[in-house]
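Source file: input_14.txt; contents: compact mmCIF, C-alpha atoms.
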```txt
# COMPACT_ATOMS: atom_id res chain seq x y z
CA MET A 1 83.72 49.78 22.74
CA SER A 2 82.64 48.39 19.36
CA LEU A 3 79.06 48.12 20.55
CA ARG A 4 78.99 51.75 21.59
CA ARG A 5 80.30 52.87 18.20
CA VAL A 6 77.75 50.81 16.33
CA ALA A 7 74.98 52.05 18.60
CA ILE A 8 75.78 55.72 18.20
CA GLY A 9 76.50 55.48 14.49
CA PHE A 10 73.51 53.33 13.76
CA VAL A 11 71.05 55.44 15.72
CA THR A 12 72.14 58.71 14.14
CA GLY A 13 72.29 57.18 10.67
CA ALA A 14 68.96 55.38 10.92
CA ALA A 15 67.24 58.41 12.42
CA THR A 16 68.51 60.65 9.65
CA GLY A 17 67.47 58.08 7.09
CA LEU A 18 64.02 57.84 8.63
CA VAL A 19 63.51 61.60 8.65
CA LEU A 20 64.77 61.98 5.09
CA GLY A 21 62.69 59.00 3.96
CA PHE A 22 59.57 60.53 5.44
CA LEU A 23 60.26 63.92 3.92
CA VAL A 24 60.91 62.55 0.47
CA GLY A 25 58.13 59.98 0.67
CA LEU A 26 55.50 62.47 1.74
CA SER A 27 56.30 65.57 -0.25
CA SER A 28 56.88 65.60 -3.94
CA LEU A 29 58.79 68.85 -3.53
CA ALA A 30 61.31 67.17 -1.23
CA HIS A 31 61.39 64.24 -3.63
CA GLY A 32 62.31 66.53 -6.51
CA LEU A 33 64.93 68.37 -4.48
CA LEU A 34 66.59 65.59 -2.51
CA ASP A 35 66.05 62.20 -4.02
CA ARG A 36 68.33 62.55 -7.02
CA SER A 37 71.28 63.80 -5.01
CA LEU A 38 70.76 61.27 -2.22
CA GLN A 39 70.67 58.46 -4.73
CA MET A 40 73.90 59.76 -6.17
CA VAL A 41 75.65 59.82 -2.83
CA ARG A 42 74.28 56.37 -2.13
CA THR A 43 76.06 54.82 -5.08
CA ILE A 44 79.43 55.87 -3.66
CA PRO A 45 80.72 52.90 -1.70
CA HIS A 46 80.98 54.49 1.70
CA LEU A 47 84.12 52.58 2.53
CA ALA A 48 85.81 54.54 -0.23
CA LEU A 49 85.40 57.55 2.03
CA VAL A 50 87.70 56.15 4.68
CA PRO A 51 90.77 58.14 3.60
CA LEU A 52 88.74 61.32 3.30
CA MET A 53 87.25 60.81 6.73
CA ILE A 54 90.69 60.37 8.24
CA LEU A 55 91.89 63.56 6.58
CA TRP A 56 88.89 65.52 7.78
CA PHE A 57 88.32 64.11 11.20
CA GLY A 58 91.66 62.60 12.08
CA ILE A 59 91.91 59.18 13.60
CA GLY A 60 89.64 59.82 16.57
CA GLU A 61 86.21 58.48 17.21
CA GLU A 62 84.34 60.64 14.67
CA PRO A 63 85.30 58.99 11.38
CA ARG A 64 84.32 55.54 12.61
CA VAL A 65 80.96 56.60 13.99
CA LEU A 66 80.31 58.71 10.93
CA LEU A 67 81.06 55.79 8.61
CA VAL A 68 78.65 53.57 10.49
CA ALA A 69 76.05 56.32 10.34
CA MET A 70 76.47 56.69 6.59
CA GLY A 71 76.27 52.95 6.12
CA SER A 72 73.00 52.70 8.01
CA LEU A 73 71.44 55.86 6.58
CA PHE A 74 70.75 54.70 3.06
CA PRO A 75 69.06 51.33 3.63
CA VAL A 76 66.70 53.01 6.08
CA TYR A 77 66.14 55.96 3.78
CA ILE A 78 65.35 53.91 0.70
CA ASN A 79 63.03 51.49 2.45
CA THR A 80 61.21 54.21 4.33
CA MET A 81 60.66 56.20 1.17
CA SER A 82 59.49 53.29 -0.93
CA GLY A 83 57.34 52.02 1.95
CA ILE A 84 55.57 55.35 2.16
CA ARG A 85 55.15 55.63 -1.58
CA ASN A 86 53.67 52.15 -1.71
CA VAL A 87 50.97 52.76 0.88
CA ASP A 88 47.69 51.93 -0.80
CA PRO A 89 46.23 55.22 -2.11
CA LYS A 90 42.77 53.76 -1.59
CA LEU A 91 43.40 53.57 2.15
CA ILE A 92 44.64 57.15 2.16
CA GLU A 93 41.53 58.24 0.30
CA LEU A 94 39.41 56.38 2.81
CA GLY A 95 41.23 57.94 5.76
CA ARG A 96 40.72 61.38 4.30
CA SER A 97 37.02 60.84 3.63
CA TYR A 98 36.59 59.60 7.20
CA GLY A 99 37.81 62.86 8.58
CA LEU A 100 41.52 62.29 9.25
CA GLY A 101 43.66 65.39 9.03
CA PRO A 102 47.18 65.36 7.60
CA ILE A 103 48.75 64.34 10.92
CA GLY A 104 46.06 61.76 11.58
CA LEU A 105 46.67 60.36 8.12
CA ILE A 106 50.39 60.03 8.73
CA VAL A 107 49.95 58.46 12.15
CA SER A 108 47.06 56.12 11.38
CA VAL A 109 47.58 55.24 7.75
CA VAL A 110 50.97 56.12 6.29
CA LEU A 111 53.25 55.11 9.16
CA PRO A 112 51.71 51.70 9.88
CA GLY A 113 51.42 51.04 6.16
CA ALA A 114 55.09 51.75 5.60
CA LEU A 115 56.27 50.02 8.79
CA PRO A 116 57.06 46.57 7.35
CA SER A 117 59.27 48.19 4.76
CA ILE A 118 60.89 50.51 7.32
CA LEU A 119 61.74 47.57 9.58
CA THR A 120 63.28 45.68 6.68
CA GLY A 121 65.46 48.72 6.08
CA ILE A 122 66.46 48.86 9.72
CA ARG A 123 67.38 45.20 9.76
CA TYR A 124 69.48 45.53 6.67
CA ALA A 125 71.10 48.68 8.04
CA LEU A 126 72.15 46.85 11.18
CA GLY A 127 74.09 44.39 9.08
CA VAL A 128 75.77 47.16 7.15
CA ALA A 129 76.58 48.99 10.38
CA TRP A 130 78.59 46.05 11.72
CA LEU A 131 80.37 45.56 8.43
CA THR A 132 81.33 49.20 8.31
CA LEU A 133 82.59 49.10 11.86
CA VAL A 134 85.01 46.27 11.13
CA VAL A 135 86.62 48.36 8.44
CA GLY A 136 86.42 51.49 10.55
CA GLU A 137 88.16 49.83 13.46
CA THR A 138 90.98 48.41 11.41
CA ILE A 139 92.22 51.90 10.70
CA ALA A 140 94.48 53.19 13.40
CA SER A 141 92.45 52.34 16.42
CA ARG A 142 93.41 51.35 19.91
CA ASP A 143 90.36 49.37 20.93
CA GLY A 144 87.35 47.54 19.63
CA ILE A 145 86.97 44.18 17.97
CA GLY A 146 88.46 45.40 14.69
CA TYR A 147 91.60 46.46 16.52
CA MET A 148 91.72 43.11 18.23
CA VAL A 149 91.70 41.33 14.87
CA GLN A 150 94.31 43.65 13.45
CA ASN A 151 96.55 43.06 16.39
CA ALA A 152 96.07 39.30 16.30
CA ARG A 153 97.01 39.23 12.64
CA GLU A 154 100.33 40.83 13.42
CA LEU A 155 100.96 38.32 16.17
CA LEU A 156 99.61 35.34 14.18
CA ARG A 157 97.04 34.62 16.89
CA THR A 158 94.46 32.63 14.92
CA ASP A 159 92.46 31.89 18.05
CA VAL A 160 91.93 35.59 18.74
CA ILE A 161 90.81 36.13 15.15
CA LEU A 162 88.33 33.29 15.46
CA LEU A 163 87.09 34.70 18.74
CA ALA A 164 86.53 38.06 17.06
CA ILE A 165 84.55 36.42 14.29
CA VAL A 166 82.40 34.63 16.83
CA LEU A 167 81.88 37.92 18.65
CA TYR A 168 80.74 39.56 15.44
CA ALA A 169 78.41 36.69 14.71
CA ILE A 170 76.88 36.90 18.18
CA ALA A 171 76.46 40.65 17.93
CA GLY A 172 74.85 40.35 14.51
CA TRP A 173 72.54 37.61 15.66
CA LEU A 174 71.59 39.61 18.74
CA ALA A 175 70.78 42.70 16.73
CA ASP A 176 68.75 40.65 14.30
CA SER A 177 66.81 38.95 17.07
CA ILE A 178 65.95 42.28 18.65
CA THR A 179 64.57 43.64 15.40
CA ARG A 180 62.66 40.43 14.88
CA VAL A 181 61.00 40.76 18.26
CA VAL A 182 60.18 44.38 17.48
CA GLU A 183 58.77 43.30 14.14
CA ARG A 184 56.60 40.69 15.71
CA CYS A 185 55.24 43.18 18.22
CA LEU A 186 54.58 45.95 15.75
CA LEU A 187 53.33 43.83 12.88
CA ARG A 188 50.93 41.61 14.77
CA TRP A 189 48.29 42.44 12.17
CA HIS A 190 50.42 41.33 9.25
CA PRO A 191 49.48 37.92 7.84
CA SER A 192 53.06 36.69 7.51
CA TYR A 193 54.10 37.84 10.99
CA ALA A 194 50.89 36.98 12.80
CA LYS A 195 51.70 33.28 13.13
CA GLY A 196 55.12 34.03 14.56
CA ALA A 197 56.58 33.03 11.21
CA ALA A 198 58.94 35.95 10.78
CA ARG A 199 60.84 34.25 8.01
CA MET B 1 4.01 56.87 -6.57
CA THR B 2 5.72 59.52 -4.55
CA GLY B 3 7.33 62.16 -6.70
CA PRO B 4 10.57 63.78 -5.62
CA SER B 5 9.86 66.87 -3.58
CA SER B 6 11.54 69.82 -5.17
CA SER B 7 11.82 71.75 -1.93
CA GLY B 8 12.95 70.93 1.58
CA ASP B 9 15.68 68.57 2.70
CA GLY B 10 17.52 66.29 0.42
CA LEU B 11 20.28 65.92 -2.08
CA SER B 12 20.13 67.80 -5.32
CA LEU B 13 22.37 67.61 -8.33
CA ARG B 14 22.20 70.47 -10.78
CA GLY B 15 23.72 69.96 -14.19
CA VAL B 16 26.54 67.83 -12.82
CA GLY B 17 28.95 66.96 -15.60
CA LYS B 18 32.34 65.32 -15.60
CA ALA B 19 34.92 64.92 -18.30
CA PHE B 20 38.28 63.20 -18.11
CA GLY B 21 40.22 64.99 -20.82
CA GLU B 22 38.32 64.56 -24.07
CA ARG B 23 36.05 61.87 -22.75
CA THR B 24 32.80 63.03 -21.23
CA VAL B 25 31.65 60.63 -18.54
CA LEU B 26 28.66 62.53 -17.22
CA HIS B 27 26.35 64.79 -19.22
CA LYS B 28 24.68 67.38 -17.05
CA VAL B 29 22.89 65.16 -14.62
CA ASP B 30 19.95 66.71 -12.75
CA LEU B 31 18.58 64.87 -9.76
CA GLU B 32 16.42 65.60 -6.76
CA ILE B 33 16.61 63.08 -3.97
CA PRO B 34 14.45 63.71 -0.91
CA THR B 35 15.78 62.77 2.51
CA GLY B 36 15.28 59.16 3.44
CA GLN B 37 15.01 57.82 -0.07
CA PHE B 38 16.95 54.73 -1.09
CA ILE B 39 18.23 55.17 -4.63
CA ALA B 40 19.85 52.47 -6.71
CA LEU B 41 21.96 53.47 -9.69
CA ILE B 42 22.25 50.73 -12.24
CA GLY B 43 23.91 50.61 -15.61
CA ALA B 44 26.56 48.84 -17.61
CA SER B 45 30.22 49.35 -16.65
CA GLY B 46 31.66 52.70 -17.57
CA VAL B 47 28.43 54.69 -17.79
CA GLY B 48 29.48 57.00 -15.01
CA LYS B 49 27.69 55.51 -12.02
CA SER B 50 30.73 55.37 -9.80
CA THR B 51 31.95 58.74 -11.01
CA LEU B 52 28.63 60.27 -10.02
CA LEU B 53 28.94 58.70 -6.60
CA ARG B 54 32.49 59.93 -6.13
CA ILE B 55 31.40 63.44 -7.06
CA VAL B 56 28.57 63.34 -4.52
CA ALA B 57 31.07 62.08 -1.93
CA GLY B 58 33.34 64.99 -2.70
CA LEU B 59 36.18 62.69 -3.68
CA GLU B 60 36.25 64.22 -7.12
CA PRO B 61 35.23 67.68 -8.28
CA PRO B 62 32.60 67.89 -11.02
CA THR B 63 33.64 69.58 -14.27
CA SER B 64 30.37 71.49 -14.27
CA GLY B 65 27.29 71.89 -12.12
CA ARG B 66 27.03 71.43 -8.37
CA VAL B 67 25.90 69.07 -5.68
CA GLU B 68 23.87 70.34 -2.77
CA LEU B 69 22.98 68.51 0.39
CA ARG B 70 20.29 70.38 2.28
CA SER B 71 19.73 69.27 5.79
CA ASN B 72 18.64 70.61 9.14
CA HIS B 73 21.92 69.27 10.47
CA PRO B 74 24.61 71.95 10.66
CA SER B 75 27.33 69.84 9.06
CA PRO B 76 25.72 66.95 7.21
CA ASP B 77 27.88 63.87 7.14
CA ILE B 78 28.45 61.79 4.02
CA ARG B 79 30.00 58.34 4.31
CA MET B 80 30.99 56.08 1.51
CA MET B 81 31.48 52.34 1.36
CA PHE B 82 33.53 50.86 -1.45
CA GLN B 83 33.64 47.60 -3.30
CA GLU B 84 36.84 46.78 -1.44
CA ASP B 85 36.46 46.87 2.32
CA ARG B 86 39.39 49.30 2.70
CA LEU B 87 39.94 48.29 6.28
CA MET B 88 43.26 49.26 7.79
CA PRO B 89 44.97 45.89 8.27
CA TRP B 90 46.99 47.23 11.22
CA ARG B 91 43.93 48.23 13.22
CA THR B 92 41.71 45.87 15.11
CA VAL B 93 38.11 45.56 14.04
CA LEU B 94 37.08 47.96 16.81
CA ARG B 95 39.75 50.51 15.90
CA ASN B 96 38.71 50.34 12.27
CA VAL B 97 35.17 51.24 13.19
CA THR B 98 36.30 54.11 15.40
CA LEU B 99 38.68 55.48 12.77
CA GLY B 100 38.83 59.24 13.13
CA LEU B 101 36.72 59.15 16.29
CA ARG B 102 37.51 59.30 19.98
CA GLY B 103 35.87 57.51 22.86
CA ARG B 104 33.06 55.89 20.90
CA ASP B 105 34.05 52.35 21.74
CA ASP B 106 30.68 51.43 23.22
CA ASP B 107 28.80 52.69 20.17
CA ALA B 108 31.22 50.80 17.96
CA ARG B 109 30.70 47.58 19.90
CA ALA B 110 26.93 47.99 19.68
CA LEU B 111 27.18 48.50 15.92
CA LEU B 112 29.46 45.52 15.53
CA ALA B 113 26.87 43.46 17.36
CA ALA B 114 24.20 44.86 15.04
CA VAL B 115 26.14 43.68 11.99
CA GLY B 116 26.62 40.26 13.57
CA LEU B 117 30.22 40.61 14.70
CA ALA B 118 29.81 40.75 18.46
CA GLY B 119 32.96 39.66 20.27
CA ARG B 120 35.20 40.06 17.23
CA ASP B 121 36.32 43.59 18.12
CA LYS B 122 39.89 42.62 19.04
CA ASP B 123 40.54 40.64 15.86
CA TYR B 124 42.60 41.95 13.01
CA PRO B 125 40.96 42.16 9.57
CA VAL B 126 43.23 39.43 8.14
CA VAL B 127 41.40 36.74 10.05
CA LEU B 128 37.96 37.83 8.80
CA SER B 129 36.18 36.58 5.70
CA GLY B 130 35.24 38.92 2.86
CA GLY B 131 31.66 39.25 4.07
CA GLN B 132 32.75 39.93 7.64
CA ARG B 133 35.14 42.61 6.46
CA GLN B 134 32.37 44.34 4.56
CA ARG B 135 30.25 44.19 7.71
CA VAL B 136 33.02 46.01 9.56
CA ALA B 137 33.15 48.56 6.75
CA LEU B 138 29.40 49.02 7.04
CA ALA B 139 29.65 49.54 10.80
CA ARG B 140 32.44 52.03 10.20
CA ALA B 141 30.21 53.99 7.83
CA LEU B 142 27.16 53.87 10.09
CA ILE B 143 28.86 54.96 13.32
CA HIS B 144 29.06 58.45 11.87
CA GLU B 145 25.24 58.51 11.57
CA PRO B 146 25.60 59.87 8.06
CA GLU B 147 22.85 61.94 6.49
CA LEU B 148 23.81 60.34 3.25
CA LEU B 149 25.20 56.87 2.79
CA LEU B 150 26.98 56.16 -0.48
CA LEU B 151 27.51 52.55 -1.46
CA ASP B 152 29.73 51.79 -4.43
CA GLU B 153 29.00 48.16 -5.28
CA PRO B 154 29.66 47.20 -1.68
CA PHE B 155 28.56 43.61 -2.16
CA GLY B 156 29.88 43.19 -5.70
CA ALA B 157 32.89 41.13 -4.69
CA LEU B 158 30.98 38.76 -2.42
CA ASP B 159 29.55 35.37 -3.24
CA ALA B 160 25.81 35.09 -3.86
CA ILE B 161 24.91 33.76 -0.42
CA THR B 162 26.94 36.32 1.49
CA ARG B 163 25.60 39.03 -0.79
CA THR B 164 22.00 38.13 -0.02
CA SER B 165 22.64 38.08 3.70
CA MET B 166 24.38 41.46 3.49
CA GLN B 167 21.39 42.86 1.59
CA LEU B 168 19.06 41.61 4.31
CA LEU B 169 21.33 43.09 6.97
CA LEU B 170 21.40 46.47 5.25
CA GLU B 171 17.63 46.41 4.80
CA GLY B 172 17.18 45.58 8.47
CA LEU B 173 19.52 48.33 9.66
CA LEU B 174 17.82 50.87 7.41
CA ALA B 175 14.36 49.80 8.55
CA ARG B 176 15.40 50.67 12.09
CA ARG B 177 16.75 54.03 11.10
CA PRO B 178 16.01 55.23 7.57
CA ARG B 179 18.48 57.47 5.82
CA THR B 180 19.23 58.65 2.33
CA VAL B 181 21.16 56.01 0.45
CA LEU B 182 22.74 56.02 -2.98
CA LEU B 183 23.69 52.54 -4.07
CA VAL B 184 25.64 51.80 -7.21
CA THR B 185 25.20 48.23 -8.39
CA HIS B 186 25.45 45.91 -11.36
CA ASP B 187 22.88 43.66 -9.83
CA VAL B 188 19.38 44.58 -11.05
CA GLU B 189 17.75 42.27 -8.54
CA GLU B 190 19.67 43.88 -5.69
CA ALA B 191 18.46 47.27 -6.87
CA LEU B 192 14.84 46.13 -7.08
CA VAL B 193 14.85 44.44 -3.70
CA LEU B 194 16.46 47.29 -1.80
CA ALA B 195 15.64 50.59 -3.45
CA ASP B 196 12.70 52.98 -3.38
CA ARG B 197 13.78 54.30 -6.70
CA VAL B 198 15.94 52.86 -9.44
CA LEU B 199 17.86 55.05 -11.84
CA LEU B 200 19.11 53.43 -14.99
CA MET B 201 22.15 55.19 -16.39
CA ARG B 202 23.24 55.12 -19.98
CA ASP B 203 26.04 57.10 -21.65
CA GLY B 204 26.47 59.43 -18.69
CA ARG B 205 22.78 60.26 -18.46
CA VAL B 206 19.89 59.05 -16.38
CA ALA B 207 17.93 57.08 -18.96
CA ARG B 208 15.14 55.84 -16.70
CA ASP B 209 13.80 56.93 -13.36
CA LEU B 210 11.69 54.24 -11.83
CA PHE B 211 9.86 54.25 -8.50
CA ILE B 212 9.48 50.91 -6.79
CA ASP B 213 6.69 51.10 -4.25
CA HIS B 214 6.42 47.45 -3.39
CA GLU B 215 5.93 46.56 0.22
CA ARG B 216 8.86 45.45 2.29
CA PRO B 217 10.33 43.05 2.93
CA ARG B 218 10.35 42.17 -0.72
CA HIS B 219 10.70 38.68 -2.00
CA ARG B 220 13.24 37.97 -4.66
CA GLY B 221 10.77 35.72 -6.45
CA ASP B 222 7.97 38.32 -6.65
CA PRO B 223 6.50 38.05 -10.19
CA GLU B 224 6.07 41.81 -10.60
CA LEU B 225 9.67 42.44 -9.57
CA ALA B 226 10.80 39.65 -11.86
CA ALA B 227 9.01 41.29 -14.77
CA LEU B 228 10.62 44.64 -13.92
CA LYS B 229 13.98 42.95 -13.71
CA GLU B 230 13.56 41.46 -17.19
CA GLU B 231 12.57 44.84 -18.55
CA LEU B 232 15.52 46.65 -16.96
CA LEU B 233 17.98 43.99 -17.99
CA GLU B 234 16.77 44.27 -21.54
CA GLY B 235 17.34 48.01 -21.42
CA LEU B 236 20.84 47.48 -20.05
CA VAL B 237 21.80 44.84 -22.56
CA SER B 238 20.48 46.76 -25.54
CA ALA B 239 22.43 49.81 -24.37
CA GLN B 240 25.58 47.77 -24.15
CA ALA B 241 24.95 46.26 -27.59
CA ALA B 242 24.42 49.70 -29.04
CA GLN B 243 27.70 50.77 -27.48
CA ALA B 244 29.46 47.77 -28.98
CA ILE B 245 28.15 48.51 -32.47
CA ARG B 246 29.37 52.08 -32.28
```

Rewritten as structure tokens:
Amino acid sequence: MSLRRVAIGFVTGAATGLVLGFLVGLSSLAHGLLDRSLQMVRTIPHLALVPLMILWFGIGEEPRVLLVAMGSLFPVYINTMSGIRNVDPKLIELGRSYGLGPIGLIVSVVLPGALPSILTGIRYALGVAWLTLVVGETIASRDGIGYMVQNARELLRTDVILLAIVLYAIAGWLADSITRVVERCLLRWHPSYAKGAAR
Amino acid sequence: MTGPSSSGDGLSLRGVGKAFGERTVLHKVDLEIPTGQFIALIGASGVGKSTLLRIVAGLEPPTSGRVELRSNHPSPDIRMMFQEDRLMPWRTVLRNVTLGLRGRDDDARALLAAVGLAGRDKDYPVVLSGGQRQRVALARALIHEPELLLLDEPFGALDAITRTSMQLLLEGLLARRPRTVLLVTHDVEEALVLADRVLLMRDGRVARDLFIDHERPRHRGDPELAALKEELLEGLVSAQAAQAIR
């Protein structure tokens, strides 16, 4: 149950962050229009929105998934944007003078150049997604690990609480390992990943 | 000496000027370069050599004048090689050479062999040395069979031994298939060994236009070339001194 929430929330949030990051990173018009307001929203601790979410969406599935999505949106957005803006302009110039069109440039130069940064964002976002879920599930839910902890607290079941913590740790480790494998596959060319020394 | 032909194929610059704000970098440069000529542009730093090259490459628009490349080819290709290799680190050597191309793998492999990198096509640029990377960059420029090859201090960042071997390699590749080359360099000897014609630039103008009609391959120790080198160096140094006094 928890896993499903994280998955849905994380995927929607990360995808939105990726799209926004690309838009803002590539076009200065989008940067002018969106960046300021997105940065503003970002500074709001998204957990502060819990009460608002409950008022708007009730205590169903939506507020929890939405919170996770918001939590994972910004790390991905910021890293994607800065990754794109930090792509070496000399490489872009070279790509252009070797006959790459705008789409070719994005696919062959900008995206791979920004990828290390994007993956860092995704990894960080995964952590935030789990954190958000814990809080999300402690509010009026009937299932999930968060609910389990909440319930155990009432019943003074320390063992269940510990089990929940272990579950979280395993889930976090699993998510991290998956991104690390992805990193190693996609960043084979990168000097610090090439030797399998992903940190 | 063979004078530049004023008609027919070739590259011509007519009153090309460039200013960055108040600062004028190029003063109305006029040049006629016939097809197949190897030109070396020498001069102290900041005299506009690289700017001229970037204008010819179309990377920067000139403030005045125009650049014309006449050729019997319908869409003449210009390729530039930079001081930095500018290889895409996420592409293999082969994919770097075929950048912007499709299905030219065999040509790319043949070119890689020609620059001495046979069998390295699946490697990533990180594992290559500086000289090897520049060889890949050279192969990447040559696969397009450019009418005009622009070289912006391509060997400037390499050590002396690697530089000499790269010069020999370039000379060999051009001997097989001559093309118009514009080389910007700090290295007077490099200019004298490689070029048919050396242009000395000073204050955004072509100060000297010198034809070198020595036989190839040229020897670096050739007394006549050594004398020319001394003379050119003197010109360069005095220009720099004059600049310093002002």

Report task. May I have the residues within 7 Å of segment 157-169 of chain A as a ChimeraX atom specification, using all atoms listed in the file and disregarding those fewer than 5 positions away in the same chain? Result -> /A:145,149,152

Requested in this report: Compute the chain A side of the contact with chain B at 12 Å, counting all atoms listed in the file, and hand it back as JSON, numbers by chain.
Outcome: {"A": [87, 88, 89, 90, 91, 92, 93, 94, 95, 96, 97, 98, 99, 100, 101, 102, 103, 104, 105, 107, 108, 109, 110, 111, 112, 113, 114, 115, 116, 185, 186, 187, 188, 189, 190, 191, 192, 193, 194, 195]}

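Between atom CA of Leu158 of chain B and atom CA of Glu224 of chain B the separation is 26.4 Å.
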
Report task. Could you give me, as a VMD selection string, the residues within 10 Å of segment 18-35 of chain A, counting all atoms listed in the file and dropping anything in the same chain fewer than 6 positions from it? Result -> chain A and resid 12 41 73 to 86 106 110 to 111 114 118 121 to 122

Those residues you just picked out, can you put them in a file as a PDB file, keeping the file's coordinate frame with C-alpha atoms?
```pdb
ATOM      1  CA  THR A  12      72.140  58.710  14.140  1.00  0.00           C
ATOM      2  CA  VAL A  41      75.650  59.820  -2.830  1.00  0.00           C
ATOM      3  CA  LEU A  73      71.440  55.860   6.580  1.00  0.00           C
ATOM      4  CA  PHE A  74      70.750  54.700   3.060  1.00  0.00           C
ATOM      5  CA  PRO A  75      69.060  51.330   3.630  1.00  0.00           C
ATOM      6  CA  VAL A  76      66.700  53.010   6.080  1.00  0.00           C
ATOM      7  CA  TYR A  77      66.140  55.960   3.780  1.00  0.00           C
ATOM      8  CA  ILE A  78      65.350  53.910   0.700  1.00  0.00           C
ATOM      9  CA  ASN A  79      63.030  51.490   2.450  1.00  0.00           C
ATOM     10  CA  THR A  80      61.210  54.210   4.330  1.00  0.00           C
ATOM     11  CA  MET A  81      60.660  56.200   1.170  1.00  0.00           C
ATOM     12  CA  SER A  82      59.490  53.290  -0.930  1.00  0.00           C
ATOM     13  CA  GLY A  83      57.340  52.020   1.950  1.00  0.00           C
ATOM     14  CA  ILE A  84      55.570  55.350   2.160  1.00  0.00           C
ATOM     15  CA  ARG A  85      55.150  55.630  -1.580  1.00  0.00           C
ATOM     16  CA  ASN A  86      53.670  52.150  -1.710  1.00  0.00           C
ATOM     17  CA  ILE A 106      50.390  60.030   8.730  1.00  0.00           C
ATOM     18  CA  VAL A 110      50.970  56.120   6.290  1.00  0.00           C
ATOM     19  CA  LEU A 111      53.250  55.110   9.160  1.00  0.00           C
ATOM     20  CA  ALA A 114      55.090  51.750   5.600  1.00  0.00           C
ATOM     21  CA  ILE A 118      60.890  50.510   7.320  1.00  0.00           C
ATOM     22  CA  GLY A 121      65.460  48.720   6.080  1.00  0.00           C
ATOM     23  CA  ILE A 122      66.460  48.860   9.720  1.00  0.00           C
TER      24      ILE A 122
END
```

Report task. For atom CA of Ala110 of chain B and atom CA of Ser129 of chain B, quote the distance in Å rounded to one decimal. Result ->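 Here the two named atoms are 20.3 Å from each other.
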
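Here the question is which of A:Leu52, A:Leu131, A:Leu47, A:Gly71 gets nearest to Ala171 of chain A using only C-alpha atoms, and that residue is A:Leu131.
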
Query - Close residues, Ala129 of chain A itself excluded, 6 Å, only C-alpha atoms, min 3 positions apart in chain, as JSON, numbers by chain - result: {"A": [68, 71, 72, 125, 126, 132]}

Emit the selected residues as a PDB file, in the coordinates of the input, including C-alpha atoms.
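Below is the file that was written, out01.pdb:
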```pdb
ATOM      1  CA  VAL A  68      78.650  53.570  10.490  1.00  0.00           C
ATOM      2  CA  GLY A  71      76.270  52.950   6.120  1.00  0.00           C
ATOM      3  CA  SER A  72      73.000  52.700   8.010  1.00  0.00           C
ATOM      4  CA  ALA A 125      71.100  48.680   8.040  1.00  0.00           C
ATOM      5  CA  LEU A 126      72.150  46.850  11.180  1.00  0.00           C
ATOM      6  CA  THR A 132      81.330  49.200   8.310  1.00  0.00           C
TER       7      THR A 132
END
```

Report summary line: The distance between atom CA of Leu151 of chain B and atom CA of Leu183 of chain B is 4.6 Å

Report task. Neighbourhood query: residues within 12 Å of (27.5, 55.7, -18.6), file coordinates, counting all atoms listed in the file; return as a count of residues only. Result -> 34

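Counting only C-alpha atoms, the residue from A:Arg184, A:Arg123, A:Arg36, A:Arg153 that sits nearest to Phe10 of chain A is A:Arg123.
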
Requested in this report: Go through B:Glu60, B:Glu153, B:Asp107, B:Asp196 one by one, measure the shortest atom-to-atom distance of each to Glu215 of chain B using all atoms listed in the file, and give the residue with the smallest value.
Outcome: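 Using all atoms listed in the file, Glu215 of chain B sits closest to B:Asp196.
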
Surrounding residues of Asp105 of chain B excluding itself and chain neighbours under 5 positions, 10 Å, only C-alpha atoms, as a PDB file with C-alpha atoms, in the coordinates of the input:
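Wrote out.pdb, looks like this:
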```
ATOM      1  CA  LEU B  94      37.080  47.960  16.810  1.00  0.00           C
ATOM      2  CA  ARG B  95      39.750  50.510  15.900  1.00  0.00           C
ATOM      3  CA  VAL B  97      35.170  51.240  13.190  1.00  0.00           C
ATOM      4  CA  THR B  98      36.300  54.110  15.400  1.00  0.00           C
ATOM      5  CA  ALA B 110      26.930  47.990  19.680  1.00  0.00           C
ATOM      6  CA  LEU B 111      27.180  48.500  15.920  1.00  0.00           C
ATOM      7  CA  ASP B 121      36.320  43.590  18.120  1.00  0.00           C
TER       8      ASP B 121
END
```

Report task. Check the smallest atom-to-atom distance from each of B:Thr35, B:Ser238, B:Ser165, B:Thr63 to Gly131 of chain B using only C-alpha atoms, then report the winner. Result ->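 Checking each of B:Thr35, B:Ser238, B:Ser165, B:Thr63 against Gly131 of chain B, counting only C-alpha atoms, the winner is B:Ser165.
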
Take the point (28.0, 40.6, -9.5) as written in the file and pick out every residue within 9 Å of it, counting only C-alpha atoms; give the list as a PDB file with C-alpha atoms, in the frame of the given file.
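out.pdb was written with the following content:
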```pdb
ATOM      1  CA  GLU B 153      29.000  48.160  -5.280  1.00  0.00           C
ATOM      2  CA  PHE B 155      28.560  43.610  -2.160  1.00  0.00           C
ATOM      3  CA  GLY B 156      29.880  43.190  -5.700  1.00  0.00           C
ATOM      4  CA  ALA B 157      32.890  41.130  -4.690  1.00  0.00           C
ATOM      5  CA  LEU B 158      30.980  38.760  -2.420  1.00  0.00           C
ATOM      6  CA  ASP B 159      29.550  35.370  -3.240  1.00  0.00           C
ATOM      7  CA  ALA B 160      25.810  35.090  -3.860  1.00  0.00           C
ATOM      8  CA  THR B 185      25.200  48.230  -8.390  1.00  0.00           C
ATOM      9  CA  HIS B 186      25.450  45.910 -11.360  1.00  0.00           C
ATOM     10  CA  ASP B 187      22.880  43.660  -9.830  1.00  0.00           C
TER      11      ASP B 187
END
```
